[in-house]
>>> print(open('model17.pdb').read())   # PDB, C-alpha atoms and all ligand atoms
ATOM      1  CA  MET H   1     -16.182   1.655  61.101
ATOM      2  CA  GLU H   2     -15.408  -1.124  58.731
ATOM      3  CA  THR H   3     -12.052  -0.806  57.083
ATOM      4  CA  LYS H   4     -11.716  -2.254  53.645
ATOM      5  CA  MET H   5      -8.613  -4.223  52.875
ATOM      6  CA  LYS H   6      -6.670  -2.534  50.149
ATOM      7  CA  LYS H   7      -5.976  -4.796  47.209
ATOM      8  CA  ALA H   8      -2.269  -5.273  46.745
ATOM      9  CA  PRO H   9      -1.128  -4.173  43.301
ATOM     10  CA  ALA H  10      -0.439  -7.031  40.937
ATOM     11  CA  LYS H  11       3.207  -7.889  41.015
ATOM     12  CA  ARG H  12       5.072  -7.147  37.857
ATOM     13  CA  GLY H  13       7.563  -9.582  36.455
ATOM     14  CA  LYS H  14      11.182  -8.490  36.412
ATOM     15  CA  ASN H  15      11.214  -7.950  32.676
ATOM     16  CA  GLU H  16       7.720  -6.600  32.312
ATOM     17  CA  LYS H  17       7.724  -3.001  31.164
ATOM     18  CA  THR H  18       5.158  -0.381  32.041
ATOM     19  CA  LYS H  19       2.898   0.266  29.088
ATOM     20  CA  THR H  20       2.821   3.858  27.936
ATOM     21  CA  PRO H  21      -0.786   4.746  27.249
ATOM     22  CA  VAL H  22      -1.551   6.109  23.798
ATOM     23  CA  SER H  23      -2.234   9.794  24.083
ATOM     24  CA  ILE H  24      -5.980  10.341  23.855
ATOM     25  CA  SER H  25      -5.369  13.694  22.279
ATOM     26  CA  SER H  26      -3.726  12.123  19.215
ATOM     27  CA  ARG H  27      -5.944  12.682  16.230
ATOM     28  CA  LYS H  28      -6.474  10.792  13.030
ATOM     29  CA  THR H  29      -4.714  12.247  10.010
ATOM     30  CA  ARG H  30      -7.038  14.339   7.937
ATOM     31  CA  ALA H  31      -7.221  13.055   4.358
ATOM     32  CA  LYS H  32      -6.453  15.337   1.431
ATOM     33  CA  LYS H  33      -9.193  16.223  -1.017
ATOM     34  CA  ASP H  34      -7.749  13.911  -3.681
ATOM     35  CA  ALA H  35      -7.263  10.999  -1.260
ATOM     36  CA  ALA H  36      -7.602   7.449  -2.602
ATOM     37  CA  LYS H  37     -11.190   6.260  -2.479
ATOM     38  CA  ASP H  38     -10.568   2.569  -2.937
ATOM     39  CA  LEU H  39      -7.891  -0.064  -3.491
ATOM     40  CA  SER H  40      -7.822   0.702  -7.179
ATOM     41  CA  ASP H  41      -6.869   4.337  -6.426
ATOM     42  CA  LEU H  42      -4.263   3.176  -3.931
ATOM     43  CA  PHE H  43      -2.857   0.809  -6.563
ATOM     44  CA  GLU H  44      -2.601   3.594  -9.125
ATOM     45  CA  ASP H  45      -0.947   5.922  -6.591
ATOM     46  CA  GLY H  46       1.561   3.184  -5.774
ATOM     47  CA  LEU H  47       2.377   2.733  -9.453
ATOM     48  CA  LYS H  48       2.990   6.479  -9.859
ATOM     49  CA  ASP H  49       5.239   6.457  -6.812
ATOM     50  CA  ILE H  50       7.445   3.565  -7.919
ATOM     51  CA  TYR H  51       7.470   4.940 -11.490
ATOM     52  CA  TRP H  52       9.127   8.085 -10.116
ATOM     53  CA  ALA H  53      11.491   5.946  -8.025
ATOM     54  CA  GLU H  54      12.605   3.760 -10.957
ATOM     55  CA  LYS H  55      13.226   6.814 -13.127
ATOM     56  CA  ALA H  56      15.281   8.377 -10.325
ATOM     57  CA  LEU H  57      17.299   5.154 -10.107
ATOM     58  CA  VAL H  58      18.083   5.234 -13.825
ATOM     59  CA  LYS H  59      19.763   8.586 -13.129
ATOM     60  CA  ALA H  60      21.430   7.556  -9.833
ATOM     61  CA  LEU H  61      22.877   4.133 -10.710
ATOM     62  CA  PRO H  62      25.534   5.477 -13.126
ATOM     63  CA  LYS H  63      26.876   7.632 -10.253
ATOM     64  CA  MET H  64      27.070   4.584  -7.979
ATOM     65  CA  HIS H  65      28.795   2.675 -10.785
ATOM     66  CA  LYS H  66      31.369   5.432 -11.179
ATOM     67  CA  ASN H  67      32.094   5.441  -7.446
ATOM     68  CA  ALA H  68      32.396   1.656  -7.080
ATOM     69  CA  THR H  69      35.802   0.000  -7.407
ATOM     70  CA  ASP H  70      35.233  -3.758  -7.119
ATOM     71  CA  PRO H  71      34.710  -5.244 -10.607
ATOM     72  CA  LYS H  72      31.956  -7.613  -9.448
ATOM     73  CA  LEU H  73      30.098  -4.747  -7.823
ATOM     74  CA  LYS H  74      30.556  -2.571 -10.905
ATOM     75  CA  ASN H  75      29.139  -5.367 -13.082
ATOM     76  CA  ALA H  76      26.179  -5.889 -10.764
ATOM     77  CA  ILE H  77      25.328  -2.176 -10.838
ATOM     78  CA  GLU H  78      25.720  -2.025 -14.606
ATOM     79  CA  SER H  79      23.430  -4.954 -15.262
ATOM     80  CA  HIS H  80      20.872  -3.719 -12.731
ATOM     81  CA  LEU H  81      20.854  -0.353 -14.503
ATOM     82  CA  GLU H  82      19.755  -2.150 -17.669
ATOM     83  CA  GLU H  83      17.113  -4.050 -15.689
ATOM     84  CA  THR H  84      15.950  -0.808 -14.083
ATOM     85  CA  LYS H  85      15.343   0.721 -17.515
ATOM     86  CA  GLY H  86      13.160  -2.332 -18.132
ATOM     87  CA  HIS H  87      11.311  -1.712 -14.847
ATOM     88  CA  VAL H  88      10.357   1.751 -16.103
ATOM     89  CA  LYS H  89       9.031   0.165 -19.328
ATOM     90  CA  ARG H  90       7.091  -2.492 -17.415
ATOM     91  CA  LEU H  91       5.404   0.188 -15.327
ATOM     92  CA  GLU H  92       4.479   2.031 -18.521
ATOM     93  CA  ALA H  93       2.952  -1.234 -19.743
ATOM     94  CA  CYS H  94       0.953  -1.402 -16.482
ATOM     95  CA  PHE H  95      -0.457   2.103 -16.982
ATOM     96  CA  LYS H  96      -1.300   1.201 -20.572
ATOM     97  CA  ALA H  97      -3.034  -2.020 -19.546
ATOM     98  CA  MET H  98      -5.138   0.017 -17.113
ATOM     99  CA  LYS H  99      -5.812   2.622 -19.812
ATOM    100  CA  LYS H 100      -4.191   5.284 -17.648
ATOM    101  CA  LYS H 101      -1.593   7.901 -18.452
ATOM    102  CA  ALA H 102       1.881   7.000 -17.157
ATOM    103  CA  GLU H 103       2.428   9.577 -14.456
ATOM    104  CA  ALA H 104       5.264   9.898 -11.942
ATOM    105  CA  LYS H 105       4.665  11.128  -8.397
ATOM    106  CA  LYS H 106       7.641  12.009  -6.230
ATOM    107  CA  CYS H 107       8.559   9.129  -3.947
ATOM    108  CA  ASP H 108       9.893  10.685  -0.727
ATOM    109  CA  ALA H 109      11.160   7.323   0.518
ATOM    110  CA  MET H 110      13.323   6.730  -2.548
ATOM    111  CA  GLN H 111      14.593  10.302  -2.425
ATOM    112  CA  GLY H 112      15.655   9.651   1.179
ATOM    113  CA  LEU H 113      17.386   6.389   0.279
ATOM    114  CA  LEU H 114      19.225   8.071  -2.599
ATOM    115  CA  ASP H 115      20.285  10.937  -0.329
ATOM    116  CA  GLU H 116      21.619   8.401   2.141
ATOM    117  CA  GLY H 117      23.579   6.686  -0.638
ATOM    118  CA  LYS H 118      25.051  10.031  -1.688
ATOM    119  CA  GLY H 119      25.993  10.731   1.930
ATOM    120  CA  ILE H 120      27.781   7.386   2.261
ATOM    121  CA  MET H 121      29.834   8.125  -0.846
ATOM    122  CA  GLU H 122      30.767  11.561   0.459
ATOM    123  CA  GLU H 123      31.848  10.099   3.782
ATOM    124  CA  THR H 124      34.132   7.410   2.357
ATOM    125  CA  LYS H 125      37.197   7.299   0.164
ATOM    126  CA  PRO H 126      37.137   5.227  -3.047
ATOM    127  CA  GLY H 127      37.984   1.570  -2.334
ATOM    128  CA  PRO H 128      36.608  -1.358  -0.347
ATOM    129  CA  VAL H 129      35.024   0.785   2.385
ATOM    130  CA  ARG H 130      33.116   2.950  -0.096
ATOM    131  CA  ASP H 131      32.173  -0.225  -1.969
ATOM    132  CA  ALA H 132      30.769  -1.718   1.237
ATOM    133  CA  GLY H 133      28.806   1.497   1.782
ATOM    134  CA  ILE H 134      27.468   1.411  -1.786
ATOM    135  CA  ILE H 135      26.287  -2.167  -1.244
ATOM    136  CA  ALA H 136      24.561  -1.200   2.006
ATOM    137  CA  ALA H 137      22.774   1.728   0.348
ATOM    138  CA  SER H 138      21.862  -0.373  -2.704
ATOM    139  CA  GLN H 139      20.416  -3.159  -0.592
ATOM    140  CA  LYS H 140      18.202  -0.700   1.258
ATOM    141  CA  ILE H 141      16.948   0.461  -2.127
ATOM    142  CA  GLU H 142      16.343  -3.112  -3.321
ATOM    143  CA  HIS H 143      14.484  -3.945  -0.110
ATOM    144  CA  TYR H 144      12.265  -0.913  -0.615
ATOM    145  CA  GLU H 145      11.549  -2.019  -4.169
ATOM    146  CA  ILE H 146      10.878  -5.601  -3.072
ATOM    147  CA  ALA H 147       8.360  -4.379  -0.482
ATOM    148  CA  THR H 148       6.718  -2.065  -2.995
ATOM    149  CA  TYR H 149       6.412  -4.593  -5.827
ATOM    150  CA  GLY H 150       5.237  -7.270  -3.388
ATOM    151  CA  THR H 151       2.414  -5.000  -2.234
ATOM    152  CA  LEU H 152       1.514  -3.839  -5.741
ATOM    153  CA  ALA H 153       1.450  -7.442  -7.004
ATOM    154  CA  ALA H 154      -0.926  -8.369  -4.166
ATOM    155  CA  TYR H 155      -3.194  -5.450  -5.114
ATOM    156  CA  ALA H 156      -3.056  -6.381  -8.819
ATOM    157  CA  LYS H 157      -4.130  -9.909  -7.901
ATOM    158  CA  ILE H 158      -7.127  -8.738  -5.881
ATOM    159  CA  LEU H 159      -8.060  -6.169  -8.517
ATOM    160  CA  LYS H 160      -7.757  -8.838 -11.242
ATOM    161  CA  GLU H 161      -5.286  -6.708 -13.199
ATOM    162  CA  LYS H 162      -3.706  -9.767 -14.780
ATOM    163  CA  ASP H 163      -1.437  -7.946 -17.250
ATOM    164  CA  CYS H 164      -0.117  -5.681 -14.516
ATOM    165  CA  LEU H 165       0.419  -8.631 -12.199
ATOM    166  CA  LYS H 166       2.638 -10.333 -14.789
ATOM    167  CA  GLU H 167       4.774  -7.215 -15.214
ATOM    168  CA  LEU H 168       5.049  -6.560 -11.477
ATOM    169  CA  LEU H 169       6.062 -10.130 -10.667
ATOM    170  CA  ALA H 170       8.726 -10.095 -13.377
ATOM    171  CA  THR H 171      10.266  -6.957 -11.857
ATOM    172  CA  LEU H 172       9.917  -8.289  -8.294
ATOM    173  CA  LYS H 173      11.971 -11.329  -9.307
ATOM    174  CA  GLU H 174      14.764  -9.140 -10.697
ATOM    175  CA  GLU H 175      14.822  -6.970  -7.563
ATOM    176  CA  LYS H 176      15.154 -10.068  -5.378
ATOM    177  CA  ASN H 177      17.911 -11.494  -7.582
ATOM    178  CA  CYS H 178      19.798  -8.205  -7.454
ATOM    179  CA  ASN H 179      19.554  -8.108  -3.667
ATOM    180  CA  ASP H 180      20.820 -11.706  -3.404
ATOM    181  CA  LEU H 181      23.736 -10.938  -5.700
ATOM    182  CA  LEU H 182      24.690  -7.897  -3.621
ATOM    183  CA  SER H 183      24.627 -10.030  -0.455
ATOM    184  CA  LYS H 184      26.911 -12.543  -2.122
ATOM    185  CA  ILE H 185      29.388  -9.894  -3.283
ATOM    186  CA  ALA H 186      29.486  -8.405   0.215
ATOM    187  CA  ASP H 187      29.859 -11.767   1.955
ATOM    188  CA  THR H 188      32.431 -13.365  -0.266
ATOM    189  CA  ASN H 189      34.540 -10.416  -1.061
ATOM    190  CA  LEU H 190      33.969  -6.892  -0.022
ATOM    191  CA  ASN H 191      33.236  -6.724   3.673
ATOM    192  CA  ALA H 192      36.397  -8.662   4.498
ATOM    193  CA  LYS H 193      38.490  -6.318   2.350
ATOM    194  CA  ALA H 194      36.869  -3.305   3.982
ATOM    195  CA  LEU H 195      37.805  -4.729   7.386
ATOM    196  CA  ILE H 196      41.528  -4.675   6.722
ATOM    197  CA  GLN H 197      41.611  -1.187   5.253
TER     198      GLN H 197
HETATM  199 FE    FE O   1      13.655  -1.504  -9.966
HETATM  200 FE    FE O   2      16.237  -2.448  -8.116
END
>>> encode(input="model17.pdb", output="structure tokens", more="lines below")
Ligand code: FE
Ligand code: FE
Amino acid sequence: METKMKKAPAKRGKNEKTKTPVSISSRKTRAKKDAAKDLSDLFEDGLKDIYWAEKALVKALPKMHKNATDPKLKNAIESHLEETKGHVKRLEACFKAMKKKAEAKKCDAMQGLLDEGKGIMEETKPGPVRDAGIIAASQKIEHYEIATYGTLAAYAKILKEKDCLKELLATLKEEKNCNDLLSKIADTNLNAKALIQ
């Protein structure tokens, strides 16, 4: 009887990890009845989402301002609150340009980020450490906004919603500037102070 030579298994490199196969039982998510049909629907849904988020921020930023101690940080929060009120107005202008009713839809991501910010304040005493925590929470919020406005601006471009695109890019710029300013405050001032607490 002829014996077949067994093929030696391919040698794995030291750092090569075993791939976990994707479960074949995992199913696609079933869409809701009112699911977006096209990019235009997705764009409108995104606007409603960030409209809710910006309005929530108008309410939350004064609390962060009250809890912050560093004057530079307090100033940054105060001026971003004014900008945020403008972001709400710009979104209303977007809805108007699209001849749609301005409608807010709860943004679970922003709610989570705000809850995290609240948690950081509860877990720290007023001073440099709480300030550092407020900056961390604020930067997560700004990054979320930057990602959102970046995506919405890309959609507006494809959908040829020129008026919306202008508004979205103006807000995107302010979100980026705010994030940069927060980085600067943390780097030049706050984190070092928090270290020696
Ligand atoms: Fe904003
Ligand atoms: Fe912002």
>>> closest_atom_pairs(input="model17.pdb", of="chain H", to="ligand FE 2 (chain O)", cutoff="10 Å", atoms="all atoms listed in the file", output="Markdown table")
| residue | atom | partner | partner_atom | distance |
| --- | --- | --- | --- | --- |
| H:Ala53 | CA | O:FE2 | FE | 9.6 |
| H:Glu54 | CA | O:FE2 | FE | 7.7 |
| H:Leu57 | CA | O:FE2 | FE | 7.9 |
| H:Val58 | CA | O:FE2 | FE | 9.7 |
| H:Leu61 | CA | O:FE2 | FE | 9.7 |
| H:Ile77 | CA | O:FE2 | FE | 9.5 |
| H:His80 | CA | O:FE2 | FE | 6.7 |
| H:Leu81 | CA | O:FE2 | FE | 8.2 |
| H:Glu83 | CA | O:FE2 | FE | 7.8 |
| H:Thr84 | CA | O:FE2 | FE | 6.2 |
| H:Lys85 | CA | O:FE2 | FE | 10.0 |
| H:His87 | CA | O:FE2 | FE | 8.4 |
| H:Ser138 | CA | O:FE2 | FE | 8.1 |
| H:Gln139 | CA | O:FE2 | FE | 8.6 |
| H:Lys140 | CA | O:FE2 | FE | 9.7 |
| H:Ile141 | CA | O:FE2 | FE | 6.7 |
| H:Glu142 | CA | O:FE2 | FE | 4.8 |
| H:His143 | CA | O:FE2 | FE | 8.3 |
| H:Tyr144 | CA | O:FE2 | FE | 8.6 |
| H:Glu145 | CA | O:FE2 | FE | 6.1 |
| H:Ile146 | CA | O:FE2 | FE | 8.0 |
| H:Thr171 | CA | O:FE2 | FE | 8.4 |
| H:Leu172 | CA | O:FE2 | FE | 8.6 |
| H:Lys173 | CA | O:FE2 | FE | 9.9 |
| H:Glu174 | CA | O:FE2 | FE | 7.3 |
| H:Glu175 | CA | O:FE2 | FE | 4.8 |
| H:Lys176 | CA | O:FE2 | FE | 8.2 |
| H:Asn177 | CA | O:FE2 | FE | 9.2 |
| H:Cys178 | CA | O:FE2 | FE | 6.8 |
| H:Asn179 | CA | O:FE2 | FE | 7.9 |
>>> atom_distance(input="model17.pdb", atom1="CA of Thr148 (chain H)", atom2="CA of Lys106 (chain H)")
14.5 Å
>>> axis_aligned_box(input="model17.pdb", around="region 44-58 of chain H", padding_each_side="4 Å", output="JSON")
{"center_x": 7.7, "center_y": 5.6, "center_z": -9.8, "size_x": 28.7, "size_y": 13.6, "size_z": 16.1}
>>> resolve_selection(input="model17.pdb", expression="the PyMOL selection byres (((chain H and resi 132) around 10) and not hetatm)", output="number ranges by chain")
H: 68, 70, 73, 120, 124, 127-131, 133-138, 182, 185-186, 189-195
>>> atom_distance(input="model17.pdb", atom1="CA of Asp49 (chain H)", atom2="CA of Lys105 (chain H)")
5.0 Å
>>> atom_distance(input="model17.pdb", atom1="CA of Ala36 (chain H)", atom2="CA of Gly150 (chain H)")
19.5 Å
>>> closest_residue(input="model17.pdb", among="H:Leu159, H:Ala60, H:Cys164, H:Ala153", to="Asp38 (chain H)", atoms="all atoms listed in the file")
H:Leu159
>>> closest_residue(input="model17.pdb", among="H:Asp180, H:Asp34, H:Glu82, H:Asp41", to="ligand FE 1 (chain O)", atoms="all atoms listed in the file")
H:Glu82
>>> resolve_selection(input="model17.pdb", expression="the PyMOL selection byres (((chain H and resi 98) around 12) and not hetatm)", output="MDAnalysis selection string")
chainID H and resid 40:41 43:44 47 91:97 99:102 156 159:165
>>> write_last_selection(input="model17.pdb", atoms="C-alpha atoms", output="mmCIF file, in the coordinates of the input")
data_model
loop_
_atom_site.group_PDB
_atom_site.id
_atom_site.type_symbol
_atom_site.label_atom_id
_atom_site.label_comp_id
_atom_site.auth_asym_id
_atom_site.auth_seq_id
_atom_site.Cartn_x
_atom_site.Cartn_y
_atom_site.Cartn_z
ATOM 1 C CA SER H 40 -7.822 0.702 -7.179
ATOM 2 C CA ASP H 41 -6.869 4.337 -6.426
ATOM 3 C CA PHE H 43 -2.857 0.809 -6.563
ATOM 4 C CA GLU H 44 -2.601 3.594 -9.125
ATOM 5 C CA LEU H 47 2.377 2.733 -9.453
ATOM 6 C CA LEU H 91 5.404 0.188 -15.327
ATOM 7 C CA GLU H 92 4.479 2.031 -18.521
ATOM 8 C CA ALA H 93 2.952 -1.234 -19.743
ATOM 9 C CA CYS H 94 0.953 -1.402 -16.482
ATOM 10 C CA PHE H 95 -0.457 2.103 -16.982
ATOM 11 C CA LYS H 96 -1.300 1.201 -20.572
ATOM 12 C CA ALA H 97 -3.034 -2.020 -19.546
ATOM 13 C CA LYS H 99 -5.812 2.622 -19.812
ATOM 14 C CA LYS H 100 -4.191 5.284 -17.648
ATOM 15 C CA LYS H 101 -1.593 7.901 -18.452
ATOM 16 C CA ALA H 102 1.881 7.000 -17.157
ATOM 17 C CA ALA H 156 -3.056 -6.381 -8.819
ATOM 18 C CA LEU H 159 -8.060 -6.169 -8.517
ATOM 19 C CA LYS H 160 -7.757 -8.838 -11.242
ATOM 20 C CA GLU H 161 -5.286 -6.708 -13.199
ATOM 21 C CA LYS H 162 -3.706 -9.767 -14.780
ATOM 22 C CA ASP H 163 -1.437 -7.946 -17.250
ATOM 23 C CA CYS H 164 -0.117 -5.681 -14.516
ATOM 24 C CA LEU H 165 0.419 -8.631 -12.199
#
>>> closest_residue(input="model17.pdb", among="H:Lys157, H:Lys55, H:Lys166, H:Lys72", to="ligand FE 1 (chain O)", atoms="only C-alpha atoms and all ligand atoms")
H:Lys55
>>> closest_residue(input="model17.pdb", among="H:Ala35, H:Ala154, H:Ala147, H:Ala104", to="ligand FE 1 (chain O)", atoms="all atoms listed in the file")
H:Ala147
>>> closest_residue(input="model17.pdb", among="H:Ser23, H:Ser79, H:Thr188, H:Thr69", to="ligand FE 1 (chain O)", atoms="only C-alpha atoms and all ligand atoms")
H:Ser79
>>> closest_residue(input="model17.pdb", among="H:Lys33, H:Lys118, H:Lys63, H:Arg90", to="ligand FE 1 (chain O)", atoms="all atoms listed in the file")
H:Arg90
